[in-house]
Amino acid sequence: DQATRTLRGVMRVGLVAKGLLLKGDLDLELVLFCRDKPTGSLLRNVSENLVTQLKATEDKYVVTAHLNEACIIIKNSKEPPLALTIHLTSPVVREDVEKVAAGESLSVNDPLDVLDRQKCLTALASLRHAKWFQARANGLRSCVIVIRILRDLCARVPTWTPLHGWPLELICEKAIGTGNRPMGAGEALRRVLECLASGILLADGAGISDPCEKESIDAINHLNLQQREDITISAQVSRTMSVCIWWLTDKSTLFFQHALRLSAFGQLHKVLGMDPLPSKMPKKPRSETSIEYTEEKADLPQTMNALMRLNQLKPGLQYKLVSQTGPVHVPVFTMSVEVDGTVFEASGPSKRTAKLHVAVKVR
């Protein structure tokens with residue numbers, strides 16, 4: 001029975017749940033839900049059961065229970081070594097915190113070996129972050145790609161290291177999500193950098209509100225004034241470089257401005273330190289087996305679509321644009337054509353597609 005079970009379920013969180021893993025990321029995270037507040041004895045029992053279960057596998061694992069961190073860490077013996085962290089938590093922890101904040105008294109006393117409350121609250125927050133990310137950021141074109149690019153830059157450039165994690169994800173979603181149309185990876189990256197360059201991180205800026213908290217919390221309140229200024233300067237767009245180059249002395253600042261120019265000209269691979277992608281698909285090797293072509297296979301009309309066939313049968317047809325509806329980034333065109341005294345109409349995301357739909361109706 002789900003109501004009487006001590007362990008309610010397990011969920012993926014962190015980089016795995018968000019699809020943000022990069023090469024070299026070897027730390028995975030899970031959240032284990034408990035019916036009541038998790039205790040040290042429960043954590044040890046789960047750890048011992050995991051040891052028993054993993055002994056039946058061919059690979060060797062090391063299971064360690066960390067009471068102070070309210071988690072269990074599992075490591076494998078292969079190279080590269082992977083680490084899986086299982087955080088124990090319960091919704092009851094947050095409910096009790098809210099009751100105390102509202103001035104209510106708790107009716108049940110906590111066990112003596114209850115796990116650290118703040119660690120459990122952090123695990124609950126990571127689950128909320130994963131659900132929010134899947135609902136908001138995953139639906140935005142290029143958002144995940146831009147976050148992965150900036151994660152790599154945070155790891156390689158010390159100036160941006162304080163912005164890694166949840167604040168970086170919020171900033172990217174806010175910058176890309178407020179665009180009025182879908183954007184490619186290069187344009188989306190420039191928009192994020194322009195957003196940071198506008199001063200959103202500065203002390204007098206708008207800040208980044210955490211959408212996963214009931215209270216009004218700034219997700220970047222851990223940044224000091226110097227870190228905020230350094231990141232803002234590093235994100236300055238190249239068009240302002242001629243104005244402020246005389247006081248830009250930090251190497252990372254010049255790096256980011258150079259990265260902006262490279263991304264604007266389609267050379268993002270130089271920023272990431274990788275080989276350029278091939279401009280064309282590689283050609284398939286020719287088969288050594290000879291192919292005999294017959295007149296039936298070379299029948300050209302079979303490769304014609306409905307629009308081409310209609311223009312061939314009825315040359316000189318005049319297609320008219322009836323209307324254009326929908327938003328700018330997702331327009332809907334309605335085209336019409338008169339064939340033998342009958343008017344046919346159809347719609348599509350482009351004029352050519354609408355014409356093709358009209359030709360299909362004529363058939």
# chains A, B, ... in the order shown; residues from 1 in each chain; ligands from 1
>>> residues_around(residues="Pro111 in chain A", least_positions_apart="4", cutoff="12 Å", atoms="only C-alpha atoms", output="PDB file with N, CA, C and O atoms, in the first residue's frame")
ATOM      1  N   ASP A  36       7.925   9.762   6.042  1.00  0.00           N
ATOM      2  CA  ASP A  36       8.191  10.618   7.194  1.00  0.00           C
ATOM      3  C   ASP A  36       9.565  11.253   7.036  1.00  0.00           C
ATOM      4  O   ASP A  36      10.278  11.004   6.060  1.00  0.00           O
ATOM      5  N   LYS A  37       9.935  12.057   7.996  1.00  0.00           N
ATOM      6  CA  LYS A  37      11.256  12.665   7.959  1.00  0.00           C
ATOM      7  C   LYS A  37      12.323  11.570   7.973  1.00  0.00           C
ATOM      8  O   LYS A  37      12.295  10.676   8.821  1.00  0.00           O
ATOM      9  N   PRO A  38      13.279  11.619   7.051  1.00  0.00           N
ATOM     10  CA  PRO A  38      14.306  10.567   6.994  1.00  0.00           C
ATOM     11  C   PRO A  38      15.224  10.622   8.219  1.00  0.00           C
ATOM     12  O   PRO A  38      15.553  11.699   8.725  1.00  0.00           O
ATOM     13  N   THR A  39      15.614   9.459   8.666  1.00  0.00           N
ATOM     14  CA  THR A  39      16.474   9.347   9.852  1.00  0.00           C
ATOM     15  C   THR A  39      17.778   8.635   9.489  1.00  0.00           C
ATOM     16  O   THR A  39      17.910   8.053   8.408  1.00  0.00           O
ATOM     17  N   GLY A  40      18.711   8.672  10.431  1.00  0.00           N
ATOM     18  CA  GLY A  40      19.983   8.002  10.218  1.00  0.00           C
ATOM     19  C   GLY A  40      19.834   6.497  10.094  1.00  0.00           C
ATOM     20  O   GLY A  40      20.513   5.850   9.291  1.00  0.00           O
ATOM     21  N   SER A  41      18.937   5.927  10.881  1.00  0.00           N
ATOM     22  CA  SER A  41      18.723   4.479  10.810  1.00  0.00           C
ATOM     23  C   SER A  41      18.122   4.075   9.465  1.00  0.00           C
ATOM     24  O   SER A  41      18.494   3.039   8.886  1.00  0.00           O
ATOM     25  N   LEU A  42      17.206   4.886   8.932  1.00  0.00           N
ATOM     26  CA  LEU A  42      16.639   4.601   7.617  1.00  0.00           C
ATOM     27  C   LEU A  42      17.717   4.687   6.547  1.00  0.00           C
ATOM     28  O   LEU A  42      17.779   3.837   5.644  1.00  0.00           O
ATOM     29  N   LEU A 115      17.658  13.332  10.019  1.00  0.00           N
ATOM     30  CA  LEU A 115      18.716  13.902   9.185  1.00  0.00           C
ATOM     31  C   LEU A 115      18.618  15.420   9.138  1.00  0.00           C
ATOM     32  O   LEU A 115      17.583  16.015   9.483  1.00  0.00           O
ATOM     33  N   ASP A 116      19.702  16.044   8.698  1.00  0.00           N
ATOM     34  CA  ASP A 116      19.789  17.499   8.660  1.00  0.00           C
ATOM     35  C   ASP A 116      18.650  18.102   7.841  1.00  0.00           C
ATOM     36  O   ASP A 116      18.421  17.720   6.693  1.00  0.00           O
TER      37      ASP A 116
END
>>> residues_around(residues="Glu229 in chain A", least_positions_apart="4", cutoff="12 Å", atoms="only C-alpha atoms", output="list in words")
Thr159, Trp160, Pro162, Leu196, Ala197, Ser198, Gly199, Ile200, Leu201, Leu202, Ala203, Asp204, Gly205, Leu223, Asn224, Leu225, Ile233, Ser234, Ala235, Gln236, Asp250 and Thr253 of chain A
>>> select_by_dssp(residues="range 14-128 of chain A", states="helix (DSSP H, G or I)", output="MDAnalysis selection string")
chainID A and resid 14:18 40:54 91:101 117:128
>>> closest_residue(among="A:Lys361, A:Arg228, A:Lys355, A:His329", to="Gly179 in chain A", atoms="only C-alpha atoms")
A:His329
>>> residues_around(residues="range 340-342 of chain A", least_positions_apart="3", cutoff="10 Å", atoms="only C-alpha atoms", output="list in words")
Lys314, Val337 and Val362 of chain A
>>> select_by_dssp(residues="range 74-236 of chain A", states="strand (DSSP E)", output="ChimeraX atom specification")
/A:74-76,83-89
>>> write_last_selection(atoms="all heavy atoms", output="mmCIF file, in the first residue's frame")
data_model
loop_
_atom_site.group_PDB
_atom_site.id
_atom_site.type_symbol
_atom_site.label_atom_id
_atom_site.label_comp_id
_atom_site.auth_asym_id
_atom_site.auth_seq_id
_atom_site.Cartn_x
_atom_site.Cartn_y
_atom_site.Cartn_z
ATOM 1 N N ILE A 74 27.212 6.123 -4.287
ATOM 2 C CA ILE A 74 27.599 4.858 -4.903
ATOM 3 C C ILE A 74 28.628 5.151 -5.977
ATOM 4 O O ILE A 74 28.383 5.970 -6.871
ATOM 5 C CB ILE A 74 26.383 4.131 -5.507
ATOM 6 C CG1 ILE A 74 25.286 3.942 -4.453
ATOM 7 C CG2 ILE A 74 26.796 2.795 -6.105
ATOM 8 C CD1 ILE A 74 24.023 3.347 -5.003
ATOM 9 N N LYS A 75 29.781 4.472 -5.916
ATOM 10 C CA LYS A 75 30.837 4.642 -6.903
ATOM 11 C C LYS A 75 31.199 3.294 -7.508
ATOM 12 O O LYS A 75 31.181 2.282 -6.811
ATOM 13 C CB LYS A 75 32.080 5.272 -6.266
ATOM 14 C CG LYS A 75 31.877 6.696 -5.770
ATOM 15 C CD LYS A 75 33.167 7.276 -5.223
ATOM 16 C CE LYS A 75 32.967 8.721 -4.760
ATOM 17 N NZ LYS A 75 34.227 9.314 -4.240
ATOM 18 N N ASN A 76 31.509 3.332 -8.799
ATOM 19 C CA ASN A 76 31.928 2.099 -9.458
ATOM 20 C C ASN A 76 33.444 2.017 -9.487
ATOM 21 O O ASN A 76 34.149 2.995 -9.220
ATOM 22 C CB ASN A 76 31.347 2.011 -10.863
ATOM 23 C CG ASN A 76 31.933 3.076 -11.780
ATOM 24 O OD1 ASN A 76 32.499 4.054 -11.321
ATOM 25 N ND2 ASN A 76 31.780 2.875 -13.081
ATOM 26 N N ALA A 83 29.936 8.532 -10.014
ATOM 27 C CA ALA A 83 29.432 8.674 -8.645
ATOM 28 C C ALA A 83 27.955 9.004 -8.694
ATOM 29 O O ALA A 83 27.549 9.983 -9.335
ATOM 30 C CB ALA A 83 30.200 9.762 -7.897
ATOM 31 N N LEU A 84 27.140 8.204 -8.034
ATOM 32 C CA LEU A 84 25.699 8.421 -7.939
ATOM 33 C C LEU A 84 25.361 8.813 -6.510
ATOM 34 O O LEU A 84 25.606 8.052 -5.572
ATOM 35 C CB LEU A 84 24.934 7.158 -8.341
ATOM 36 C CG LEU A 84 23.416 7.207 -8.140
ATOM 37 C CD1 LEU A 84 22.786 8.291 -9.002
ATOM 38 C CD2 LEU A 84 22.787 5.854 -8.431
ATOM 39 N N THR A 85 24.790 10.002 -6.341
ATOM 40 C CA THR A 85 24.411 10.504 -5.024
ATOM 41 C C THR A 85 22.901 10.407 -4.862
ATOM 42 O O THR A 85 22.147 10.939 -5.687
ATOM 43 C CB THR A 85 24.856 11.966 -4.842
ATOM 44 O OG1 THR A 85 26.272 12.062 -5.039
ATOM 45 C CG2 THR A 85 24.521 12.460 -3.452
ATOM 46 N N ILE A 86 22.456 9.705 -3.819
ATOM 47 C CA ILE A 86 21.028 9.530 -3.525
ATOM 48 C C ILE A 86 20.702 10.370 -2.293
ATOM 49 O O ILE A 86 21.176 10.080 -1.189
ATOM 50 C CB ILE A 86 20.685 8.053 -3.289
ATOM 51 C CG1 ILE A 86 21.128 7.212 -4.486
ATOM 52 C CG2 ILE A 86 19.198 7.887 -3.031
ATOM 53 C CD1 ILE A 86 20.909 5.717 -4.293
ATOM 54 N N HIS A 87 19.907 11.416 -2.475
ATOM 55 C CA HIS A 87 19.522 12.300 -1.380
ATOM 56 C C HIS A 87 18.202 11.809 -0.778
ATOM 57 O O HIS A 87 17.244 11.542 -1.506
ATOM 58 C CB HIS A 87 19.354 13.732 -1.871
ATOM 59 C CG HIS A 87 20.574 14.289 -2.545
ATOM 60 N ND1 HIS A 87 21.610 14.861 -1.849
ATOM 61 C CD2 HIS A 87 20.917 14.348 -3.866
ATOM 62 C CE1 HIS A 87 22.537 15.265 -2.698
ATOM 63 N NE2 HIS A 87 22.146 14.967 -3.934
ATOM 64 N N LEU A 88 18.136 11.721 0.533
ATOM 65 C CA LEU A 88 16.907 11.334 1.226
ATOM 66 C C LEU A 88 16.188 12.589 1.695
ATOM 67 O O LEU A 88 16.798 13.508 2.262
ATOM 68 C CB LEU A 88 17.201 10.426 2.421
ATOM 69 C CG LEU A 88 17.287 8.915 2.123
ATOM 70 C CD1 LEU A 88 18.497 8.611 1.269
ATOM 71 C CD2 LEU A 88 17.315 8.112 3.415
ATOM 72 N N THR A 89 14.884 12.630 1.471
ATOM 73 C CA THR A 89 14.100 13.786 1.890
ATOM 74 C C THR A 89 12.643 13.390 2.010
ATOM 75 O O THR A 89 12.261 12.252 1.684
ATOM 76 C CB THR A 89 14.245 14.950 0.899
ATOM 77 O OG1 THR A 89 13.615 16.117 1.440
ATOM 78 C CG2 THR A 89 13.620 14.620 -0.440
#
>>> atom_distance(atom1="CA of Leu26 in chain A", atom2="CA of Pro80 in chain A")
7.8 Å
>>> decode(residues="range 167-180 of chain A", atoms="N, CA and C atoms", output="compact mmCIF listing (two decimals), in the first residue's frame")
# COMPACT_ATOMS: atom_id res chain seq x y z
N PRO A 167 21.29 29.55 -11.06
CA PRO A 167 21.18 30.92 -11.56
C PRO A 167 21.42 31.03 -13.06
N LEU A 168 22.40 30.30 -13.58
CA LEU A 168 22.67 30.33 -15.02
C LEU A 168 21.48 29.81 -15.82
N GLU A 169 20.85 28.76 -15.34
CA GLU A 169 19.69 28.20 -16.04
C GLU A 169 18.52 29.18 -16.05
N LEU A 170 18.30 29.88 -14.94
CA LEU A 170 17.22 30.87 -14.89
C LEU A 170 17.49 32.03 -15.84
N ILE A 171 18.72 32.50 -15.89
CA ILE A 171 19.05 33.62 -16.76
C ILE A 171 18.84 33.25 -18.22
N CYS A 172 19.29 32.07 -18.62
CA CYS A 172 19.14 31.64 -20.01
C CYS A 172 17.66 31.50 -20.38
N GLU A 173 16.87 30.91 -19.50
CA GLU A 173 15.45 30.76 -19.80
C GLU A 173 14.77 32.12 -19.89
N LYS A 174 15.14 33.04 -19.00
CA LYS A 174 14.52 34.36 -18.99
C LYS A 174 14.87 35.14 -20.26
N ALA A 175 16.15 35.07 -20.67
CA ALA A 175 16.59 35.82 -21.84
C ALA A 175 16.01 35.24 -23.14
N ILE A 176 16.06 33.91 -23.28
CA ILE A 176 15.58 33.28 -24.51
C ILE A 176 14.06 33.21 -24.54
N GLY A 177 13.44 32.98 -23.38
CA GLY A 177 11.99 32.86 -23.34
C GLY A 177 11.25 34.15 -23.62
N THR A 178 11.90 35.29 -23.39
CA THR A 178 11.24 36.58 -23.66
C THR A 178 11.41 37.02 -25.10
N GLY A 179 12.12 36.25 -25.91
CA GLY A 179 12.23 36.58 -27.33
C GLY A 179 10.90 36.37 -28.03
N ASN A 180 10.68 37.12 -29.08
CA ASN A 180 9.39 37.05 -29.77
C ASN A 180 9.37 36.01 -30.89
